[in-house]
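Student: This is the content of start_32.csv (CSV, C-alpha atoms):
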```csv
chain,number,residue,atom,x,y,z
A,18,MET,CA,-46.1,-3.0,-21.9
A,19,SER,CA,-42.3,-3.2,-22.1
A,20,ILE,CA,-40.8,-5.8,-19.8
A,21,THR,CA,-38.0,-3.3,-19.0
A,22,LYS,CA,-40.4,-0.9,-17.3
A,23,PRO,CA,-40.0,-0.8,-13.5
A,24,LEU,CA,-42.8,-1.4,-11.0
A,25,PRO,CA,-45.6,1.2,-11.0
A,26,GLN,CA,-44.4,3.1,-8.0
A,27,TYR,CA,-41.1,3.9,-9.9
A,28,ALA,CA,-42.7,4.7,-13.3
A,29,GLN,CA,-42.1,8.4,-13.1
A,30,VAL,CA,-38.4,8.0,-12.2
A,31,PRO,CA,-35.7,7.6,-14.9
A,32,LEU,CA,-34.3,4.6,-13.2
A,33,LEU,CA,-32.9,2.8,-16.2
A,34,PRO,CA,-30.9,5.8,-17.5
A,35,LEU,CA,-29.5,6.3,-14.0
A,36,ILE,CA,-28.5,2.7,-13.6
A,37,ILE,CA,-26.7,2.8,-17.0
A,38,ALA,CA,-24.9,6.0,-15.9
A,39,PHE,CA,-23.8,4.4,-12.6
A,40,LEU,CA,-22.6,1.3,-14.4
A,41,MET,CA,-20.6,3.4,-16.9
A,42,LEU,CA,-18.5,4.9,-14.0
A,43,GLN,CA,-16.3,1.8,-13.8
A,44,PRO,CA,-15.1,1.6,-17.5
A,45,LEU,CA,-14.9,5.4,-17.8
A,46,SER,CA,-12.8,5.6,-14.6
A,47,THR,CA,-10.2,3.5,-16.3
A,48,ASP,CA,-10.5,4.0,-20.0
A,49,LEU,CA,-10.8,7.8,-20.1
A,50,TYR,CA,-7.2,8.3,-19.0
A,51,LEU,CA,-5.5,5.2,-20.5
A,52,ALA,CA,-3.9,7.4,-23.2
A,53,SER,CA,-2.4,9.6,-20.5
A,54,LEU,CA,-0.5,6.8,-18.8
A,55,PRO,CA,2.7,7.1,-20.9
A,56,GLY,CA,2.7,10.9,-20.4
A,57,LEU,CA,2.3,10.6,-16.6
A,58,ALA,CA,5.6,8.7,-16.3
A,59,THR,CA,7.3,11.7,-18.0
A,60,VAL,CA,5.3,14.4,-16.1
A,61,PHE,CA,6.1,13.0,-12.7
A,62,ALA,CA,9.5,11.5,-13.6
A,63,VAL,CA,8.7,8.1,-12.3
A,64,PRO,CA,9.0,4.6,-13.8
A,65,ALA,CA,6.1,2.9,-15.6
A,66,SER,CA,5.6,0.5,-12.6
A,67,THR,CA,4.7,3.5,-10.4
A,68,VAL,CA,2.2,4.9,-12.9
A,69,GLN,CA,0.6,1.5,-13.1
A,70,LEU,CA,-0.3,1.8,-9.5
A,71,THR,CA,-2.9,4.4,-10.5
A,72,LEU,CA,-4.7,1.5,-12.2
A,73,SER,CA,-3.8,-1.3,-9.7
A,74,MET,CA,-4.9,0.7,-6.6
A,75,PHE,CA,-8.2,1.5,-8.3
A,76,VAL,CA,-8.7,-2.2,-8.9
A,77,ILE,CA,-7.8,-3.4,-5.4
A,78,GLY,CA,-10.0,-0.8,-3.8
A,79,PHE,CA,-12.9,-1.7,-6.1
A,80,GLY,CA,-12.5,-5.4,-5.3
A,81,GLY,CA,-12.3,-5.0,-1.6
A,82,ALA,CA,-15.2,-2.5,-1.4
A,83,GLN,CA,-17.6,-5.1,-3.0
A,84,LEU,CA,-17.5,-7.1,0.2
A,85,VAL,CA,-19.1,-4.3,2.2
A,86,ALA,CA,-21.0,-2.0,-0.2
A,87,GLY,CA,-23.8,-4.5,-0.7
A,88,PRO,CA,-24.4,-5.4,3.0
A,89,LEU,CA,-24.3,-1.6,3.8
A,90,SER,CA,-27.1,-0.9,1.3
A,91,ASP,CA,-29.1,-3.9,2.7
A,92,ARG,CA,-28.9,-2.4,6.2
A,93,PHE,CA,-29.1,1.4,5.6
A,94,GLY,CA,-30.8,1.6,2.3
A,95,ARG,CA,-29.8,2.1,-1.3
A,96,LYS,CA,-30.0,5.9,-1.5
A,97,PRO,CA,-27.8,6.9,1.4
A,98,VAL,CA,-25.0,4.5,0.4
A,99,LEU,CA,-25.3,5.6,-3.2
A,100,ALA,CA,-25.2,9.3,-2.3
A,101,TRP,CA,-22.2,8.9,-0.1
A,102,GLY,CA,-20.5,6.8,-2.7
A,103,VAL,CA,-21.0,9.2,-5.6
A,104,GLY,CA,-20.1,12.1,-3.3
A,105,LEU,CA,-16.8,10.4,-2.5
A,106,TYR,CA,-16.3,9.8,-6.2
A,107,VAL,CA,-16.7,13.5,-7.0
A,108,LEU,CA,-14.3,14.5,-4.3
A,109,ALA,CA,-11.7,11.9,-5.4
A,110,SER,CA,-12.0,12.9,-9.0
A,111,LEU,CA,-11.3,16.5,-8.1
A,112,LEU,CA,-8.3,15.4,-6.1
A,113,CYS,CA,-7.0,13.4,-9.1
A,114,ALA,CA,-7.4,16.4,-11.3
A,115,ALA,CA,-5.5,18.7,-8.9
A,116,ALA,CA,-2.8,16.2,-7.8
A,117,PRO,CA,0.6,17.8,-7.7
A,118,GLY,CA,2.4,14.5,-7.5
A,119,ILE,CA,2.0,10.8,-8.3
A,120,ASP,CA,1.6,9.8,-4.6
A,121,LEU,CA,-1.6,11.9,-4.2
A,122,LEU,CA,-2.9,10.7,-7.6
A,123,ILE,CA,-2.5,7.1,-6.5
A,124,ALA,CA,-4.2,7.8,-3.2
A,125,ALA,CA,-7.1,9.7,-4.9
A,126,ARG,CA,-7.6,6.9,-7.4
A,127,PHE,CA,-8.0,4.5,-4.4
A,128,LEU,CA,-10.7,6.7,-3.0
A,129,GLN,CA,-12.3,7.0,-6.4
A,130,SER,CA,-12.6,3.2,-6.6
A,131,LEU,CA,-14.5,3.1,-3.3
A,132,GLY,CA,-17.1,5.5,-4.5
A,133,CYS,CA,-17.3,3.8,-7.9
A,134,CYS,CA,-17.9,0.4,-6.3
A,135,ALA,CA,-20.7,1.7,-4.2
A,136,ALA,CA,-22.4,3.1,-7.3
A,137,ILE,CA,-22.0,-0.2,-9.2
A,138,ILE,CA,-23.1,-2.5,-6.4
A,139,VAL,CA,-26.1,-0.4,-5.4
A,140,ALA,CA,-27.2,0.0,-9.1
A,141,ARG,CA,-27.4,-3.8,-9.4
A,142,ALA,CA,-29.4,-4.0,-6.2
A,143,ILE,CA,-31.8,-1.4,-7.4
A,144,VAL,CA,-32.6,-3.6,-10.4
A,145,ARG,CA,-33.6,-6.4,-8.0
A,146,ASP,CA,-35.7,-3.9,-6.0
A,147,ALA,CA,-37.5,-2.0,-8.7
A,148,TRP,CA,-38.3,-4.6,-11.3
A,149,PRO,CA,-40.1,-8.0,-11.1
A,150,ALA,CA,-37.7,-10.9,-10.8
A,151,GLU,CA,-38.5,-12.2,-14.3
A,152,ALA,CA,-37.7,-8.8,-15.8
A,153,ALA,CA,-34.2,-8.3,-14.2
A,154,PRO,CA,-32.2,-10.2,-16.9
A,155,HIS,CA,-33.9,-8.1,-19.6
A,156,VAL,CA,-33.1,-4.9,-17.7
A,157,ILE,CA,-29.4,-5.9,-17.3
A,158,ALA,CA,-29.2,-6.9,-21.0
A,159,LYS,CA,-30.7,-3.6,-22.1
A,160,ALA,CA,-28.4,-1.7,-19.8
A,161,SER,CA,-25.4,-3.6,-21.0
A,162,THR,CA,-26.2,-2.7,-24.6
A,163,TYR,CA,-25.8,1.0,-23.7
A,164,LEU,CA,-22.9,0.3,-21.3
A,165,SER,CA,-20.8,-1.1,-24.2
A,166,PHE,CA,-20.4,2.4,-25.6
A,167,ALA,CA,-18.3,3.4,-22.5
A,168,PRO,CA,-15.3,1.1,-23.2
A,169,LEU,CA,-15.7,1.7,-27.0
A,170,LEU,CA,-15.8,5.5,-26.9
A,171,GLY,CA,-14.1,6.3,-23.6
A,172,PRO,CA,-10.5,5.6,-24.9
A,173,ILE,CA,-11.2,7.7,-28.0
A,174,ALA,CA,-12.5,10.6,-26.0
A,175,GLY,CA,-9.6,10.2,-23.6
A,176,SER,CA,-7.1,10.3,-26.4
A,177,TYR,CA,-8.4,13.6,-27.7
A,178,LEU,CA,-8.6,15.1,-24.1
A,179,GLN,CA,-5.0,14.1,-23.6
A,180,VAL,CA,-3.8,15.6,-26.9
A,181,THR,CA,-5.8,18.8,-26.5
A,182,PHE,CA,-5.8,19.6,-22.7
A,183,GLY,CA,-3.4,17.2,-21.0
A,184,TRP,CA,-3.8,14.4,-18.5
A,185,ARG,CA,-5.9,16.4,-15.9
A,186,ALA,CA,-8.7,16.9,-18.4
A,187,ALA,CA,-10.0,13.2,-18.1
A,188,PHE,CA,-10.4,13.7,-14.3
A,189,VAL,CA,-12.1,17.0,-14.7
A,190,ALA,CA,-14.6,15.3,-17.1
A,191,LEU,CA,-15.2,12.5,-14.6
A,192,SER,CA,-15.7,15.2,-11.8
A,193,VAL,CA,-18.4,17.0,-13.8
A,194,MET,CA,-20.2,13.8,-14.9
A,195,SER,CA,-20.3,12.4,-11.3
A,196,ALA,CA,-21.4,15.7,-9.9
A,197,VAL,CA,-24.4,15.7,-12.2
A,198,LEU,CA,-25.1,12.1,-11.2
A,199,LEU,CA,-25.0,13.1,-7.5
A,200,LEU,CA,-27.5,15.8,-8.1
A,201,PHE,CA,-29.9,13.3,-9.7
A,202,VAL,CA,-29.4,10.9,-6.8
A,203,LEU,CA,-30.3,13.6,-4.2
A,204,LEU,CA,-33.2,15.1,-6.1
A,205,ARG,CA,-34.8,12.3,-8.1
A,206,LEU,CA,-33.8,8.8,-6.8
A,207,PRO,CA,-36.3,7.2,-4.4
A,208,GLU,CA,-35.4,4.7,-1.8
A,209,THR,CA,-36.0,1.2,-3.3
A,210,ASN,CA,-35.0,-0.9,-0.3
A,211,HIS,CA,-38.2,-1.3,1.7
A,212,HIS,CA,-37.0,-4.3,3.7
A,213,LYS,CA,-33.9,-3.2,5.4
A,214,ASN,CA,-32.0,-5.9,7.2
A,215,PRO,CA,-30.5,-4.6,10.5
A,216,HIS,CA,-28.3,-7.7,10.7
A,217,ALA,CA,-26.9,-7.4,7.2
A,218,THR,CA,-23.5,-6.2,8.5
A,219,ASP,CA,-23.3,-8.6,11.4
A,220,PRO,CA,-19.7,-10.0,11.3
A,221,ARG,CA,-20.8,-13.5,12.5
A,222,GLY,CA,-23.4,-13.9,9.7
A,223,LEU,CA,-21.0,-12.5,7.1
A,224,MET,CA,-18.3,-15.0,8.0
A,225,ALA,CA,-20.7,-17.9,7.9
A,226,SER,CA,-21.7,-16.9,4.4
A,227,TYR,CA,-18.1,-16.5,3.3
A,228,ARG,CA,-17.2,-20.0,4.6
A,229,LEU,CA,-20.1,-21.5,2.8
A,230,VAL,CA,-19.3,-20.0,-0.6
A,231,LEU,CA,-15.5,-20.4,-0.4
A,232,GLY,CA,-15.8,-24.0,0.7
A,233,SER,CA,-17.7,-24.9,-2.5
A,234,ARG,CA,-15.8,-26.5,-5.4
A,235,GLU,CA,-18.5,-25.4,-7.7
A,236,PHE,CA,-17.8,-21.7,-6.8
A,237,TRP,CA,-14.1,-22.1,-7.5
A,238,ALA,CA,-14.7,-24.0,-10.7
A,239,HIS,CA,-16.4,-20.9,-12.2
A,240,ALA,CA,-14.9,-18.0,-10.1
A,241,LEU,CA,-11.2,-18.8,-10.7
A,242,PRO,CA,-11.3,-19.2,-14.5
A,243,GLY,CA,-13.5,-16.1,-14.6
A,244,ALA,CA,-11.1,-14.1,-12.4
A,245,LEU,CA,-8.1,-15.2,-14.5
A,246,SER,CA,-10.0,-14.3,-17.6
A,247,TYR,CA,-10.6,-10.8,-16.2
A,248,GLY,CA,-6.9,-10.6,-15.5
A,249,SER,CA,-6.1,-11.5,-19.1
A,250,ILE,CA,-8.0,-8.4,-20.4
A,251,PHE,CA,-6.6,-6.3,-17.6
A,252,ALA,CA,-3.1,-7.1,-18.9
A,253,PHE,CA,-4.1,-5.2,-22.1
A,254,ILE,CA,-6.0,-2.5,-20.2
A,255,SER,CA,-2.9,-1.7,-18.1
A,256,GLY,CA,-0.2,-2.4,-20.7
A,257,SER,CA,-1.6,-1.6,-24.2
A,258,SER,CA,-1.1,2.2,-24.0
A,259,LEU,CA,2.6,1.8,-23.0
A,260,VAL,CA,3.3,-0.7,-25.7
A,261,LEU,CA,1.3,0.9,-28.5
A,262,ILE,CA,2.3,4.5,-27.8
A,263,LYS,CA,5.8,4.3,-26.4
A,264,VAL,CA,7.2,1.1,-28.0
A,265,LEU,CA,5.4,0.9,-31.3
A,266,GLY,CA,4.9,4.6,-32.0
A,267,VAL,CA,1.1,4.7,-32.3
A,268,PRO,CA,0.0,8.4,-32.2
A,269,THR,CA,-1.8,9.2,-28.9
A,270,ALA,CA,-4.9,10.5,-30.8
A,271,MET,CA,-5.1,7.1,-32.6
A,272,PHE,CA,-4.7,4.9,-29.5
A,273,GLY,CA,-8.4,5.2,-28.6
A,274,TYR,CA,-9.4,3.7,-31.9
A,275,CYS,CA,-7.0,0.7,-31.4
A,276,PHE,CA,-8.3,0.1,-27.9
A,277,ALA,CA,-11.9,0.4,-29.1
A,278,PHE,CA,-11.3,-2.3,-31.8
A,279,GLY,CA,-10.0,-4.6,-29.1
A,280,VAL,CA,-13.0,-4.0,-26.9
A,281,SER,CA,-15.3,-4.8,-29.8
A,282,GLY,CA,-14.0,-8.4,-29.5
A,283,TYR,CA,-15.7,-8.6,-26.1
A,284,LEU,CA,-19.0,-7.5,-27.6
A,285,LEU,CA,-18.7,-10.2,-30.3
A,286,GLY,CA,-17.7,-12.7,-27.6
A,287,THR,CA,-20.9,-12.1,-25.6
A,288,ILE,CA,-23.0,-12.7,-28.8
A,289,VAL,CA,-21.1,-15.9,-29.4
A,290,CYS,CA,-21.6,-16.9,-25.8
A,291,ARG,CA,-25.4,-16.7,-26.0
A,292,ARG,CA,-25.3,-18.9,-29.1
A,293,LEU,CA,-23.0,-21.5,-27.5
A,294,LEU,CA,-25.1,-21.6,-24.3
A,295,ALA,CA,-28.3,-22.3,-26.3
A,296,ARG,CA,-26.6,-25.1,-28.2
A,297,PHE,CA,-24.1,-26.7,-25.9
A,298,GLY,CA,-24.8,-25.5,-22.3
A,299,ALA,CA,-22.7,-23.7,-19.8
A,300,ALA,CA,-20.0,-26.3,-19.1
A,301,THR,CA,-19.1,-26.8,-22.8
A,302,THR,CA,-19.3,-23.0,-23.4
A,303,LEU,CA,-16.7,-22.4,-20.7
A,304,ARG,CA,-14.5,-25.1,-22.1
A,305,ILE,CA,-14.6,-23.4,-25.5
A,306,GLY,CA,-14.0,-19.9,-24.1
A,307,SER,CA,-11.0,-21.1,-22.0
A,308,ALA,CA,-9.5,-22.8,-25.1
A,309,GLY,CA,-9.9,-19.5,-26.9
A,310,SER,CA,-8.0,-17.7,-24.1
A,311,LEU,CA,-5.2,-20.1,-24.4
A,312,ALA,CA,-5.1,-19.9,-28.2
A,313,ALA,CA,-5.0,-16.0,-28.1
A,314,GLY,CA,-2.2,-16.0,-25.6
A,315,VAL,CA,-0.1,-18.6,-27.4
A,316,LEU,CA,-0.6,-16.9,-30.8
A,317,PHE,CA,0.5,-13.5,-29.4
A,318,LEU,CA,3.6,-14.9,-27.7
A,319,ALA,CA,4.5,-16.9,-30.8
A,320,LEU,CA,4.2,-13.8,-33.1
A,321,VAL,CA,6.4,-11.7,-30.8
A,322,SER,CA,9.0,-14.5,-30.4
A,323,LEU,CA,9.2,-14.7,-34.2
A,324,GLY,CA,10.1,-11.0,-34.3
A,325,VAL,CA,6.7,-9.6,-35.3
A,326,SER,CA,6.6,-6.2,-33.5
A,327,HIS,CA,3.7,-4.4,-35.0
A,328,TRP,CA,0.7,-2.6,-33.5
A,329,ALA,CA,-1.7,-4.8,-35.5
A,330,ALA,CA,-0.4,-7.9,-33.6
A,331,VAL,CA,-1.1,-6.3,-30.2
A,332,VAL,CA,-4.5,-5.1,-31.3
A,333,GLY,CA,-5.4,-8.4,-32.8
A,334,ALA,CA,-4.3,-10.3,-29.7
A,335,MET,CA,-6.4,-7.9,-27.6
A,336,PHE,CA,-9.4,-8.5,-29.8
A,337,LEU,CA,-9.0,-12.3,-29.5
A,338,THR,CA,-8.4,-12.2,-25.7
A,339,MET,CA,-11.4,-9.8,-25.2
A,340,GLY,CA,-13.5,-12.1,-27.4
A,341,ALA,CA,-12.6,-15.2,-25.3
A,342,HIS,CA,-13.4,-13.2,-22.1
A,343,GLY,CA,-16.8,-12.3,-23.6
A,344,ILE,CA,-17.5,-16.1,-23.6
A,345,ASN,CA,-15.9,-16.9,-20.3
A,346,PHE,CA,-17.1,-14.2,-18.0
A,347,PRO,CA,-20.9,-14.4,-18.3
A,348,VAL,CA,-20.7,-18.2,-17.7
A,349,SER,CA,-18.3,-17.7,-14.7
A,350,GLN,CA,-20.5,-14.9,-13.2
A,351,SER,CA,-23.7,-16.9,-13.3
A,352,GLY,CA,-22.0,-20.2,-12.4
A,353,SER,CA,-20.4,-18.8,-9.3
A,354,VAL,CA,-23.6,-17.4,-7.9
A,355,THR,CA,-26.3,-19.9,-9.0
A,356,PRO,CA,-25.5,-22.6,-6.4
A,357,PHE,CA,-26.2,-20.1,-3.5
A,358,PRO,CA,-29.8,-18.9,-3.8
A,359,HIS,CA,-29.7,-17.6,-0.2
A,360,ASN,CA,-26.2,-16.1,-0.4
A,361,ALA,CA,-26.2,-14.8,-3.9
A,362,GLY,CA,-24.9,-11.3,-2.9
A,363,THR,CA,-22.1,-12.8,-0.9
A,364,ALA,CA,-21.1,-15.1,-3.8
A,365,ALA,CA,-21.2,-12.2,-6.3
A,366,GLY,CA,-19.1,-10.0,-4.0
A,367,LEU,CA,-16.5,-12.7,-3.5
A,368,MET,CA,-16.3,-13.5,-7.2
A,369,GLY,CA,-15.9,-9.8,-7.9
A,370,ALA,CA,-13.3,-9.4,-5.2
A,371,LEU,CA,-11.3,-12.3,-6.6
A,372,ALA,CA,-11.4,-10.9,-10.1
A,373,MET,CA,-10.2,-7.5,-8.9
A,374,SER,CA,-7.4,-9.1,-6.8
A,375,VAL,CA,-6.2,-11.0,-9.9
A,376,ALA,CA,-6.4,-7.8,-11.9
A,377,PHE,CA,-4.3,-6.0,-9.2
A,378,LEU,CA,-1.6,-8.6,-9.5
A,379,VAL,CA,-1.6,-8.6,-13.2
A,380,GLY,CA,-1.4,-4.8,-13.4
A,381,SER,CA,1.5,-4.8,-11.0
A,382,VAL,CA,3.3,-7.5,-13.0
A,383,VAL,CA,2.7,-5.6,-16.3
A,384,GLY,CA,4.1,-2.4,-14.8
A,385,ALA,CA,7.1,-4.1,-13.1
A,386,THR,CA,8.1,-6.1,-16.2
A,387,PHE,CA,7.8,-3.4,-18.8
A,388,ASP,CA,11.2,-3.2,-20.5
A,389,GLY,CA,10.5,-1.1,-23.6
A,390,THR,CA,9.5,-4.2,-25.7
A,391,VAL,CA,6.3,-6.1,-26.4
A,392,LEU,CA,7.6,-9.4,-25.0
A,393,PRO,CA,6.6,-9.0,-21.3
A,394,LEU,CA,3.0,-8.2,-22.3
A,395,ALA,CA,2.9,-11.2,-24.6
A,396,ALA,CA,4.3,-13.5,-22.0
A,397,THR,CA,1.8,-12.3,-19.4
A,398,ALA,CA,-1.1,-12.8,-21.8
A,399,CYS,CA,0.1,-16.3,-22.7
A,400,THR,CA,0.6,-17.3,-19.1
A,401,LEU,CA,-2.9,-16.2,-18.1
A,402,GLY,CA,-4.4,-18.0,-21.1
A,403,ALA,CA,-2.7,-21.2,-20.0
A,404,LEU,CA,-3.9,-20.7,-16.4
A,405,ILE,CA,-7.5,-20.1,-17.5
A,406,PHE,CA,-7.4,-23.3,-19.6
A,407,VAL,CA,-5.9,-25.5,-16.9
A,408,SER,CA,-8.0,-24.1,-14.0
A,409,MET,CA,-11.2,-24.7,-15.9
A,410,ARG,CA,-10.3,-28.4,-16.5
A,411,VAL,CA,-8.8,-29.2,-13.2
A,412,LEU,CA,-11.7,-27.7,-11.2
A,413,ALA,CA,-14.6,-28.7,-13.5
A,414,VAL,CA,-17.4,-30.2,-11.5
A,415,ARG,CA,-18.8,-33.5,-12.8
A,416,PRO,CA,-22.6,-33.5,-13.5
A,417,GLN,CA,-23.2,-36.0,-10.6
A,418,GLU,CA,-21.3,-33.7,-8.2
A,419,ALA,CA,-23.3,-30.7,-9.3
A,420,ALA,CA,-26.6,-32.6,-8.8
A,421,ALA,CA,-25.5,-33.6,-5.3
```
Could I get this structure in the form of C-alpha cells?

Tutor:
Amino acid sequence: MSITKPLPQYAQVPLLPLIIAFLMLQPLSTDLYLASLPGLATVFAVPASTVQLTLSMFVIGFGGAQLVAGPLSDRFGRKPVLAWGVGLYVLASLLCAAAPGIDLLIAARFLQSLGCCAAIIVARAIVRDAWPAEAAPHVIAKASTYLSFAPLLGPIAGSYLQVTFGWRAAFVALSVMSAVLLLFVLLRLPETNHHKNPHATDPRGLMASYRLVLGSREFWAHALPGALSYGSIFAFISGSSLVLIKVLGVPTAMFGYCFAFGVSGYLLGTIVCRRLLARFGAATTLRIGSAGSLAAGVLFLALVSLGVSHWAAVVGAMFLTMGAHGINFPVSQSGSVTPFPHNAGTAAGLMGALAMSVAFLVGSVVGATFDGTVLPLAATACTLGALIFVSMRVLAVRPQEAAA
C-alpha cells in the first residue's frame, strides 16, 4: 500500500490532486501575470511603483490572513473556510479581469490574496487530518513535486496569454480554474476536521501563543533568515519582468522561459538541501545556504557595477539566488516550528506572516527604486544576501541553548 494514500474513510476522494491544486493557487496568482506588469504601467498610465502594488498588496494580504485562516478552520471546520476562501478568490479574480483602473485592480488583488491564503492554509491542515502522522512528510513531498510545475510553466503560459490576448487573460484563466476548484470543494470534499476547537479563535489564547513563539530566540534564528531569503527571491519575482522586458529588451513571449530557468535553481537547491541535511545537519546547512545568498547578491552587484548589462546576468543571478533559497527555506520553516509542538500552527503562521511582510517591503522598494537600469535590483539583491548572512550568524542558537 502506498504511504501517500489517505486514511480509509477518504479513500474514494481525490484529496491529493485537490491539495496540489489548492497549493498551486499561490504561485499561479503571481507568476501568471508577471509578463503583464510592464504593460500595465502603460495601459493605466501609472509609474512602475504603482503597478508593483498589485504584487505587494497580494503579499501583505496573504501574510496577514495566515494568522487567522488556520484558527478559523480549527473552530468551524476545513470545508466551510475553504469554500468561502475559494469563493472569494473566484470573485476577486473576476474583479481583476474587469478592473477599469489600477486602484480597483490593486484592491481586487488584496481580496484575491485572502481567498488564496485560506486555500493554502486549509490544504496543509487537511494533510494533517486525512493522513497518518508518519505519512504527512511524504504527502507534502509528493505534492511539492507536482507543485513545482506551477512556477516553472506559469510564467511561460502567462507570457503567451499576454502576447495573444492582453493582461486580462491571466485573470480570466485564474477565474475559470478557481471556479472549477470551488465546484469540487462543494461536491466532493468531505469535512476532515472532526475535533473542532470552539476556543481556537479566543483572543486571549492566541495572544499567549504569539508571546511564547515571538519570545523565543530559536524562532527568530530560523524565521528571520528564512523571511529575508523569501524576500531575496521576491525581489526577482517583482522586478525581473521590468528589468528583462523594459530595460534589456527581452521579448515578452520569451520572458517566461527566462523566469522558468531562474525557478529551476530553487528545485536544484531543495535537492542540494536534502543532501546537506543528511551529511551536515540543519545548522551547517543553513550556514551554507546563507553564504550562497550572499555570494549570489555580491556577484550580481559586482557584474552590474562593472558594466555588465545583459539578460543572462539577471537570469544567472536569479538562478543562484533561487538555489540558495531552496537550501535556506526548508531549514528555516522546520526550525521555526519544531521547538513548539503545542503551538506549531501559530509558529508556522507567524513565520509565514513575517516572510510575507518582508516580501511586501522588498516589492515596494523594487518598485520605488526602479530607474530604467539594472542597478537598483542588483543593489537590493546584494543587500538582502548580506542581511541573510549576518542574521543567521548573529542569531544562531548554540547547541547547549537549544538543548535547554

Student: Pick out the residues sitting within 10 Å of Tyr177 (chain A), and hand them over as JSON, numbers by chain; count all atoms listed in the file, and ignore anything fewer than 4 positions along from it in its own chain.

Tutor: {"A": [49, 52, 172, 173, 181, 182, 183, 186, 187, 269, 270, 271, 272, 273]}

Student: Name all residues at most 7 Å from Ser349 (chain A) (count only C-alpha atoms; drop same-chain ones fewer than 3 positions away) and give them as a list in words.

Tutor: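 Those residues are His239, Ala240, Gly243, Asn345, Phe346, Gly352 and Ser353 of chain A.
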
Student: How many Å lie between CA of Gly80 (chain A) and CA of Gly380 (chain A), rounded to one decimal?

Tutor: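 Value for the CA of Gly80 (chain A)-CA of Gly380 (chain A) distance: 13.8 Å.
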
Student: Would you work out the distance separating CA of Ile254 (chain A) from CA of Leu42 (chain A), expressed in Å to one decimal?

Tutor: 15.8 Å

Student: So, counting all atoms listed in the file, which residue among A:Val267, A:Leu112, A:Leu337, A:Ile344 is closest to Leu294 (chain A)?

Tutor: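 Of the candidates, the smallest distance to Leu294 (chain A) is held by A:Ile344.
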
Student: Of the candidates A:Val289, A:Ala395, A:Val264, A:Leu122, which shows the shortest atom-to-atom distance to Leu320 (chain A), using all atoms listed in the file?

Tutor: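 Of all the options, A:Ala395 lies closest to Leu320 (chain A).
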
Student: Once you count all atoms listed in the file, which residues end up no further than 9 Å from (-14.7, -19.3, -20.4) in the file's frame, shown as a short mmCIF file (atom, residue, chain, number, x, y, z; two decimals) with C-alpha atoms, in the frame of the given file?

Tutor:
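Final file, selection30.cif:
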```
data_model
loop_
_atom_site.label_atom_id
_atom_site.label_comp_id
_atom_site.auth_asym_id
_atom_site.auth_seq_id
_atom_site.Cartn_x
_atom_site.Cartn_y
_atom_site.Cartn_z
CA HIS A 239 -16.40 -20.90 -12.20
CA PRO A 242 -11.30 -19.20 -14.50
CA GLY A 243 -13.50 -16.10 -14.60
CA SER A 246 -10.00 -14.30 -17.60
CA ALA A 300 -20.00 -26.30 -19.10
CA THR A 302 -19.30 -23.00 -23.40
CA LEU A 303 -16.70 -22.40 -20.70
CA ARG A 304 -14.50 -25.10 -22.10
CA ILE A 305 -14.60 -23.40 -25.50
CA GLY A 306 -14.00 -19.90 -24.10
CA SER A 307 -11.00 -21.10 -22.00
CA ALA A 308 -9.50 -22.80 -25.10
CA GLY A 309 -9.90 -19.50 -26.90
CA SER A 310 -8.00 -17.70 -24.10
CA ALA A 341 -12.60 -15.20 -25.30
CA HIS A 342 -13.40 -13.20 -22.10
CA GLY A 343 -16.80 -12.30 -23.60
CA ILE A 344 -17.50 -16.10 -23.60
CA ASN A 345 -15.90 -16.90 -20.30
CA PHE A 346 -17.10 -14.20 -18.00
CA PRO A 347 -20.90 -14.40 -18.30
CA VAL A 348 -20.70 -18.20 -17.70
CA SER A 349 -18.30 -17.70 -14.70
CA ILE A 405 -7.50 -20.10 -17.50
CA PHE A 406 -7.40 -23.30 -19.60
CA MET A 409 -11.20 -24.70 -15.90
#
```

Student: Can you pull out the residues contacting Leu284 (chain A)? Cut-off 8 Å, using only C-alpha atoms, and skip same-chain residues under 3 positions away; I want them as a list in words.

Tutor: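 Those residues are Ser165, Val280, Ser281, Thr287, Ile288, Gly340 and Gly343 of chain A.
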
Student: Just to confirm, what's the straight-line distance from CA of Met74 (chain A) to CA of Gly282 (chain A) in Å (one decimal)?

Tutor: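 Between CA of Met74 (chain A) and CA of Gly282 (chain A) the gap works out to 26.3 Å.
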
Student: Could you check the closest approach to Arg185 (chain A) for each of A:Gly232, A:Gly94, A:Gly56, A:Pro64 and tell me which residue wins, using all atoms listed in the file?

Tutor: A:Gly56

Student: From the options A:Ser130, A:Thr386, A:Gln350, A:Ser226, which residue's atoms come nearest to Ala65 (chain A), counting all atoms listed in the file?

Tutor: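 Smallest separation from Ala65 (chain A) among the options: A:Thr386.
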